[in-house]
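**Student:** Just passing along the structure, written as C-alpha cells.
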Amino acid sequence: STQHSRARMGAASSLGRGKVNVAKCTVQGVGCYNFSAKERLTTLRLQKGSEACGGWEVRCAVASLGGTDSIKDKINQDRGFASVPSGDNGVGLYGVFDGHGPNGHNASSLLTETLVPNLQKSLENHFAGRGSRNVLDVVSKEFLAVDAGMTSQGKYHVSGSTGTVVCHMGENLLCAWVGDSRAILGSQSDKGGVVATHLSNDHKPNRPDEKLRVEKAGGEVRQAGFMDSYAGPMRVFKPGEQFPGLAISRSFGDDQGKAVGVTAVPELCVLRLSSEVRCVIICSDGVWDEVSAEECVRMVMTFSAELDAEGAAQSLCNEARRRWINARRNGFGNIDDITATIVMMRQRDSNSASTSTKASP
C-alpha cells in the first residue's frame, strides 16, 4: 500500500492467478456529519453534526485476484482502495478502479494515487466550511481534473478505467461513479433477512438515458460486428466505424471515446445511514458478472458479527473466481480481474460514540 500524509490507502496490485492480496484498515473513531433535509441536493453541504448523533465502528479490506487470458500474459488492471479518516474532519473513502486497454493498469494506478487523496482533501475542506457549498460540485471537479490530467499525458487514447468511490462521513454515505464497478449497501431486514441496496447504476451504453446522451453527442450505440454479423454487449462507436468500441458509456481516460459521448462526469447518490446497515460492497465487474447483489450481501454479512472485512473480501473474490472457472470447464475463454473492497459497519451506542469522538485528535 502507498502512504499518504492524510490517510492510509490499500491498493490491490498485480497478482498471480491464485493469490489474494488483502490490504486491511481499521477505523476506530469516525466523525458524525449531517445534512439539512431542507437543502436541495444541488446545493448540498454535508456538515459535521453533534457528538451525540452516534458514530460507526468500521473495518475495511481490499482483495483482488488477477484474471487470465488464453492468448497472452495478463496484468491485473483492477485497483481497490480503502482510505481511512484522520482527525476531527476526516473522511473515509473506499472504492474500486477497473482499468482497460493497453495502459489500463496505469490508469487505475494513477487514479488510486491521485484522485483518492485529492478528493479526500477537497471533501475535508468542504466539511470544514471551506470551498463550494455544493458537495456534488466538489466531487465532479476532482473527477474531471484527474481525467484532464490523463488526457494531457497522451497515453490514454484507447485506455482508461472505471471508478466508483464511496465517501463515508458519520451518518451519511455519498457514492460517485463512472463505469460499471458497482457499489451495494447491505442491511439487516426487520424480519432477520438481508437487503441489498444499489448505490450505483452501471453506465452501460444500452441504458436508455445513457444511450440517448451518447447519441446526442454524436456517438453510435451498437454491438461489435462486421458484414451484418453482430454479437456481444452494446458498445459506443464512432458512426460507421469500428472504434472505440467501449462497453461502458462513462470512464476516465479513453480520449478516443470522449469525441463520441463518453465522459468522466460522475453520477452521485447520497443517503443517510440507518442502524440496520451492516456493510458496503464495492467490486469490479469480475465479481458482478458471476455473483448477484443479493448473494454478495448474504455472503459478506456472514462475517458481520466479527466485522471481518478481510475474510469477507477473500471469500467473495474466491467464490467469484470459482464461478468463472466452472463456467469455462472446456478451458476456453478468459477470466476477468476480480476485486472487492469491503467495508463492515456497526453503529455504536450513543455513550460509546460520544466517548470515542471526544477522544479523537
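Residues in the C-alpha cells are named by chain (A, B, ... in the order shown) and by number from 1 within that chain; ligands are numbered from 1 in the order shown.
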Can you build me a table of region 51-156 of chain A residues sitting at most 8 Å from region 273-286 of chain A, with the closest atom pair per residue and its distance in Å to one decimal, using only C-alpha atoms, sorted by chain and residue number, as a Markdown table?

**Tutor:**
```
| residue | atom | partner | partner_atom | distance |
| --- | --- | --- | --- | --- |
| A:Asp78 | CA | A:Ser284 | CA | 7.4 |
| A:Tyr94 | CA | A:Ile282 | CA | 7.9 |
| A:Gly95 | CA | A:Ile282 | CA | 5.9 |
| A:Val96 | CA | A:Cys283 | CA | 6.3 |
| A:Phe97 | CA | A:Ser284 | CA | 7.3 |
| A:Asp98 | CA | A:Ser284 | CA | 6.1 |
```

**Student:** If you take only C-alpha atoms and a cut-off of 12 Å, which residues of region 106-197 of chain A touch region 321-341 of chain A, and what are their nearest atom pairs and distances in Å to one decimal, in chain and number order, as a Markdown table?

**Tutor:**
```
| residue | atom | partner | partner_atom | distance |
| --- | --- | --- | --- | --- |
| A:Thr164 | CA | A:Thr341 | CA | 10.6 |
| A:Val165 | CA | A:Thr341 | CA | 10.3 |
| A:Val166 | CA | A:Thr341 | CA | 10.3 |
| A:Ser181 | CA | A:Thr339 | CA | 9.6 |
| A:Arg182 | CA | A:Ala340 | CA | 10.0 |
| A:Ala183 | CA | A:Thr341 | CA | 9.4 |
| A:Ile184 | CA | A:Thr341 | CA | 10.8 |
```

**Student:** Selection from above, N, CA, C and O atoms, as a short mmCIF file (atom, residue, chain, number, x, y, z; two decimals), in the first residue's frame, can you write it?

**Tutor:**
```
data_model
loop_
_atom_site.label_atom_id
_atom_site.label_comp_id
_atom_site.auth_asym_id
_atom_site.auth_seq_id
_atom_site.Cartn_x
_atom_site.Cartn_y
_atom_site.Cartn_z
N THR A 164 -15.41 3.90 -9.00
CA THR A 164 -16.53 4.02 -8.06
C THR A 164 -15.96 4.30 -6.69
O THR A 164 -15.14 3.55 -6.18
N VAL A 165 -16.39 5.41 -6.10
CA VAL A 165 -15.88 5.88 -4.82
C VAL A 165 -17.04 6.08 -3.86
O VAL A 165 -18.03 6.74 -4.20
N VAL A 166 -16.94 5.50 -2.68
CA VAL A 166 -17.93 5.71 -1.63
C VAL A 166 -17.29 6.53 -0.52
O VAL A 166 -16.23 6.16 0.00
N SER A 181 -18.23 -0.42 -12.19
CA SER A 181 -17.78 -1.01 -10.92
C SER A 181 -18.84 -0.65 -9.88
O SER A 181 -18.96 0.49 -9.47
N ARG A 182 -19.59 -1.63 -9.47
CA ARG A 182 -20.84 -1.40 -8.74
C ARG A 182 -20.64 -1.32 -7.23
O ARG A 182 -19.77 -2.00 -6.68
N ALA A 183 -21.46 -0.50 -6.57
CA ALA A 183 -21.46 -0.37 -5.11
C ALA A 183 -22.82 -0.77 -4.57
O ALA A 183 -23.86 -0.35 -5.08
N ILE A 184 -22.80 -1.60 -3.51
CA ILE A 184 -24.02 -2.12 -2.90
C ILE A 184 -23.96 -1.87 -1.39
O ILE A 184 -22.91 -2.02 -0.77
#
```

**Student:** Quick one, how far is CA of Ser64 (chain A) from CA of Ser249 (chain A)?

**Tutor:**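 Separation of CA of Ser64 (chain A) and CA of Ser249 (chain A): 24.5 Å.
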
**Student:** Among region 128-303 of chain A, which residues does DSSP mark as strand (DSSP E or B) when it is run on the backbone? Keep the chain and numbering as in the structure and answer as a VMD selection string.

**Tutor:** chain A and resid 160 to 161 163 to 170 172 to 178 182 to 188 194 to 198 220 to 226 229 to 237 244 to 246 250 252 to 253 263 267 to 272 277 to 283

**Student:** Just the residues within 10 Å of Thr302 (chain A), please, counting only C-alpha atoms, with nothing from its chain fewer than 5 positions along; format it as a ChimeraX atom specification.

**Tutor:** /A:297,307-308,311-312

**Student:** For Asp255 (chain A), which of A:Asp190, A:Glu57, A:Asp180, A:Asp147 is the closest residue, counting only C-alpha atoms?

**Tutor:**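 The closest residue to Asp255 (chain A) is A:Asp147.
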
**Student:** Set the distance at 9 Å and use only C-alpha atoms: which residues neighbour Val195 (chain A) once local chain neighbours fewer than 3 positions away are removed? I'd like the list as a PDB file with N, CA, C and O atoms, in the first residue's frame.

**Tutor:**
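Resulting contents of around19.pdb:
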```pdb
ATOM      1  N   LEU A 185     -25.099  -1.498  -0.819  1.00  0.00           N
ATOM      2  CA  LEU A 185     -25.233  -1.358   0.631  1.00  0.00           C
ATOM      3  C   LEU A 185     -25.965  -2.578   1.167  1.00  0.00           C
ATOM      4  O   LEU A 185     -27.030  -2.942   0.664  1.00  0.00           O
ATOM      5  N   GLY A 186     -25.391  -3.234   2.170  1.00  0.00           N
ATOM      6  CA  GLY A 186     -26.020  -4.395   2.767  1.00  0.00           C
ATOM      7  C   GLY A 186     -26.627  -4.065   4.115  1.00  0.00           C
ATOM      8  O   GLY A 186     -25.971  -3.470   4.969  1.00  0.00           O
ATOM      9  N   SER A 187     -27.886  -4.443   4.326  1.00  0.00           N
ATOM     10  CA  SER A 187     -28.586  -4.143   5.573  1.00  0.00           C
ATOM     11  C   SER A 187     -29.300  -5.385   6.096  1.00  0.00           C
ATOM     12  O   SER A 187     -29.592  -6.318   5.354  1.00  0.00           O
ATOM     13  N   GLN A 188     -29.595  -5.358   7.394  1.00  0.00           N
ATOM     14  CA  GLN A 188     -30.375  -6.409   8.029  1.00  0.00           C
ATOM     15  C   GLN A 188     -31.842  -5.998   7.969  1.00  0.00           C
ATOM     16  O   GLN A 188     -32.194  -4.881   8.344  1.00  0.00           O
ATOM     17  N   SER A 189     -32.697  -6.884   7.490  1.00  0.00           N
ATOM     18  CA  SER A 189     -34.121  -6.554   7.437  1.00  0.00           C
ATOM     19  C   SER A 189     -34.752  -6.768   8.802  1.00  0.00           C
ATOM     20  O   SER A 189     -34.202  -7.461   9.667  1.00  0.00           O
ATOM     21  N   GLU A 294     -27.678  -9.655  -4.199  1.00  0.00           N
ATOM     22  CA  GLU A 294     -28.243 -10.309  -3.015  1.00  0.00           C
ATOM     23  C   GLU A 294     -27.311 -11.401  -2.496  1.00  0.00           C
ATOM     24  O   GLU A 294     -27.124 -11.554  -1.284  1.00  0.00           O
ATOM     25  N   VAL A 297     -24.335  -9.710  -0.667  1.00  0.00           N
ATOM     26  CA  VAL A 297     -24.683  -9.216   0.666  1.00  0.00           C
ATOM     27  C   VAL A 297     -24.824 -10.375   1.646  1.00  0.00           C
ATOM     28  O   VAL A 297     -24.321 -10.317   2.777  1.00  0.00           O
ATOM     29  N   ARG A 298     -25.495 -11.432   1.211  1.00  0.00           N
ATOM     30  CA  ARG A 298     -25.680 -12.580   2.095  1.00  0.00           C
ATOM     31  C   ARG A 298     -24.327 -13.193   2.492  1.00  0.00           C
ATOM     32  O   ARG A 298     -24.110 -13.543   3.650  1.00  0.00           O
TER      33      ARG A 298
END
```

**Student:** According to DSSP computed on the backbone, where in region 44-243 of chain A is there helix (DSSP H, G or I)? Give the residues as a ChimeraX atom specification.

**Tutor:** /A:51-53,104-127,135-153,208-216

**Student:** Store the residues of this selection in a file with C-alpha atoms, as a compact mmCIF listing (two decimals), in the first residue's frame.

**Tutor:**
```txt
# COMPACT_ATOMS: atom_id res chain seq x y z
CA GLU A 51 -21.18 14.33 19.13
CA ALA A 52 -24.41 12.77 20.40
CA CYS A 53 -25.57 11.74 16.91
CA GLY A 104 -5.43 0.24 -18.19
CA HIS A 105 -3.23 -0.81 -15.26
CA ASN A 106 -1.51 2.58 -15.37
CA ALA A 107 -4.88 4.34 -15.47
CA SER A 108 -6.24 2.57 -12.39
CA SER A 109 -2.96 3.07 -10.50
CA LEU A 110 -2.93 6.78 -11.34
CA LEU A 111 -6.47 7.19 -10.07
CA THR A 112 -5.63 5.44 -6.81
CA GLU A 113 -2.55 7.59 -6.26
CA THR A 114 -4.04 10.91 -7.41
CA LEU A 115 -7.83 11.07 -7.29
CA VAL A 116 -8.22 9.44 -3.88
CA PRO A 117 -6.00 11.81 -1.82
CA ASN A 118 -7.11 14.88 -3.80
CA LEU A 119 -10.79 14.06 -3.35
CA GLN A 120 -10.30 13.31 0.32
CA LYS A 121 -8.62 16.67 0.92
CA SER A 122 -11.32 18.55 -1.01
CA LEU A 123 -14.12 16.84 0.91
CA GLU A 124 -12.47 17.52 4.26
CA ASN A 125 -12.23 21.21 3.28
CA HIS A 126 -15.88 21.13 2.28
CA PHE A 127 -16.97 19.69 5.62
CA VAL A 135 -20.66 18.67 -2.43
CA LEU A 136 -21.68 17.42 -5.86
CA ASP A 137 -19.55 20.14 -7.47
CA VAL A 138 -16.62 19.21 -5.22
CA VAL A 139 -16.70 15.58 -6.34
CA SER A 140 -17.30 16.33 -10.03
CA LYS A 141 -14.45 18.84 -10.10
CA GLU A 142 -11.95 16.26 -8.82
CA PHE A 143 -13.17 13.57 -11.23
CA LEU A 144 -12.82 15.90 -14.21
CA ALA A 145 -9.47 17.30 -13.06
CA VAL A 146 -7.81 13.88 -12.93
CA ASP A 147 -9.40 12.96 -16.26
CA ALA A 148 -7.97 16.12 -17.85
CA GLY A 149 -4.57 15.21 -16.45
CA MET A 150 -4.80 11.78 -18.08
CA THR A 151 -5.63 13.39 -21.43
CA SER A 152 -2.58 15.65 -21.19
CA GLN A 153 -0.30 12.62 -20.81
CA PRO A 208 -31.76 4.26 -22.09
CA ASP A 209 -30.67 7.64 -20.71
CA GLU A 210 -27.00 6.91 -21.43
CA LYS A 211 -27.78 5.76 -24.98
CA LEU A 212 -29.67 8.99 -25.63
CA ARG A 213 -26.84 11.09 -24.17
CA VAL A 214 -24.19 9.32 -26.29
CA GLU A 215 -26.23 9.65 -29.47
CA LYS A 216 -26.81 13.37 -28.84
```

**Student:** Nearest residue to Gly219 (chain A) out of A:Gln256, A:Asn76, A:Asn201, A:Asn103, using only C-alpha atoms?

**Tutor:**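 The closest residue to Gly219 (chain A) is A:Gln256.
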
**Student:** Restricting the calculation to only C-alpha atoms: of A:Phe81, A:Gly253, A:Lys155, A:Gly90, which residue gets closest to Ala128 (chain A)?

**Tutor:**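 Counting only C-alpha atoms, the residue closest to Ala128 (chain A) is A:Gly90.
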
**Student:** Please indicate the distance in Å from CA of Cys60 (chain A) to CA of Ala305 (chain A), rounded to one decimal place.

**Tutor:**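 Rounded to one decimal, the two atoms are 13.9 Å apart.
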
**Student:** Measuring between only C-alpha atoms, which one of A:Arg346, A:Arg207, A:His157, A:Arg133 shows the shortest distance to Phe252 (chain A)?

**Tutor:**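 Closest to Phe252 (chain A) of all the choices is A:His157.
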
**Student:** Could you jot down the CA of Gly92 (chain A) to CA of Gly170 (chain A) separation for me, Å, one decimal place?

**Tutor:** 9.1 Å

**Student:** For Gly261 (chain A), which residue out of A:Val343, A:Ile75, A:Pro205, A:Glu295 is the nearest one, using only C-alpha atoms?

**Tutor:**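 Among the listed residues, the smallest separation from Gly261 (chain A) belongs to A:Pro205.
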
**Student:** So which residues touch Val262 (chain A) within 8 Å, counting only C-alpha atoms, skipping near sequence neighbours fewer than 5 positions away, as a list in words?

**Tutor:** Val214, Val236, Ser249, Arg250, Ser251, Asp254 and Gly257 of chain A

**Student:** Okay, now the selection with all heavy atoms, as a PDB file, in the first residue's frame?

**Tutor:**
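Saved to again_18.pdb:
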```pdb
ATOM      1  N   VAL A 214     -25.280   9.629 -25.354  1.00  0.00           N
ATOM      2  CA  VAL A 214     -24.191   9.323 -26.285  1.00  0.00           C
ATOM      3  C   VAL A 214     -24.578   9.695 -27.710  1.00  0.00           C
ATOM      4  O   VAL A 214     -23.779  10.305 -28.446  1.00  0.00           O
ATOM      5  CB  VAL A 214     -23.819   7.827 -26.198  1.00  0.00           C
ATOM      6  CG1 VAL A 214     -22.923   7.413 -27.368  1.00  0.00           C
ATOM      7  CG2 VAL A 214     -23.122   7.527 -24.876  1.00  0.00           C
ATOM      8  N   VAL A 236     -20.008   1.710 -27.532  1.00  0.00           N
ATOM      9  CA  VAL A 236     -20.011   3.054 -28.090  1.00  0.00           C
ATOM     10  C   VAL A 236     -19.023   3.109 -29.253  1.00  0.00           C
ATOM     11  O   VAL A 236     -17.843   2.754 -29.088  1.00  0.00           O
ATOM     12  CB  VAL A 236     -19.626   4.105 -27.033  1.00  0.00           C
ATOM     13  CG1 VAL A 236     -19.564   5.497 -27.657  1.00  0.00           C
ATOM     14  CG2 VAL A 236     -20.604   4.080 -25.866  1.00  0.00           C
ATOM     15  N   SER A 249     -20.237   3.644 -20.967  1.00  0.00           N
ATOM     16  CA  SER A 249     -20.520   4.949 -21.559  1.00  0.00           C
ATOM     17  C   SER A 249     -19.887   6.108 -20.787  1.00  0.00           C
ATOM     18  O   SER A 249     -19.953   7.253 -21.231  1.00  0.00           O
ATOM     19  CB  SER A 249     -22.038   5.164 -21.648  1.00  0.00           C
ATOM     20  OG  SER A 249     -22.648   4.974 -20.382  1.00  0.00           O
ATOM     21  N   ARG A 250     -19.289   5.824 -19.621  1.00  0.00           N
ATOM     22  CA  ARG A 250     -18.538   6.831 -18.878  1.00  0.00           C
ATOM     23  C   ARG A 250     -17.269   6.179 -18.353  1.00  0.00           C
ATOM     24  O   ARG A 250     -17.292   5.033 -17.896  1.00  0.00           O
ATOM     25  CB  ARG A 250     -19.349   7.402 -17.706  1.00  0.00           C
ATOM     26  CG  ARG A 250     -20.660   8.044 -18.129  1.00  0.00           C
ATOM     27  CD  ARG A 250     -21.265   8.896 -17.025  1.00  0.00           C
ATOM     28  NE  ARG A 250     -22.641   9.244 -17.322  1.00  0.00           N
ATOM     29  CZ  ARG A 250     -23.327  10.220 -16.743  1.00  0.00           C
ATOM     30  NH1 ARG A 250     -22.757  10.952 -15.792  1.00  0.00           N
ATOM     31  NH2 ARG A 250     -24.583  10.453 -17.060  1.00  0.00           N
ATOM     32  N   SER A 251     -16.172   6.922 -18.406  1.00  0.00           N
ATOM     33  CA  SER A 251     -14.904   6.383 -17.927  1.00  0.00           C
ATOM     34  C   SER A 251     -13.886   7.494 -17.776  1.00  0.00           C
ATOM     35  O   SER A 251     -14.052   8.596 -18.301  1.00  0.00           O
ATOM     36  CB  SER A 251     -14.359   5.315 -18.886  1.00  0.00           C
ATOM     37  OG  SER A 251     -13.876   5.907 -20.074  1.00  0.00           O
ATOM     38  N   ASP A 254      -9.657   7.190 -22.054  1.00  0.00           N
ATOM     39  CA  ASP A 254     -10.400   6.879 -23.282  1.00  0.00           C
ATOM     40  C   ASP A 254     -10.631   8.131 -24.135  1.00  0.00           C
ATOM     41  O   ASP A 254     -11.768   8.472 -24.483  1.00  0.00           O
ATOM     42  CB  ASP A 254     -11.737   6.206 -22.955  1.00  0.00           C
ATOM     43  CG  ASP A 254     -11.566   4.801 -22.415  1.00  0.00           C
ATOM     44  OD1 ASP A 254     -10.846   4.006 -23.053  1.00  0.00           O
ATOM     45  OD2 ASP A 254     -12.125   4.505 -21.335  1.00  0.00           O
ATOM     46  N   GLY A 257     -12.902   7.916 -27.050  1.00  0.00           N
ATOM     47  CA  GLY A 257     -14.321   7.842 -26.744  1.00  0.00           C
ATOM     48  C   GLY A 257     -14.930   9.190 -26.390  1.00  0.00           C
ATOM     49  O   GLY A 257     -16.143   9.390 -26.542  1.00  0.00           O
TER      50      GLY A 257
END
```
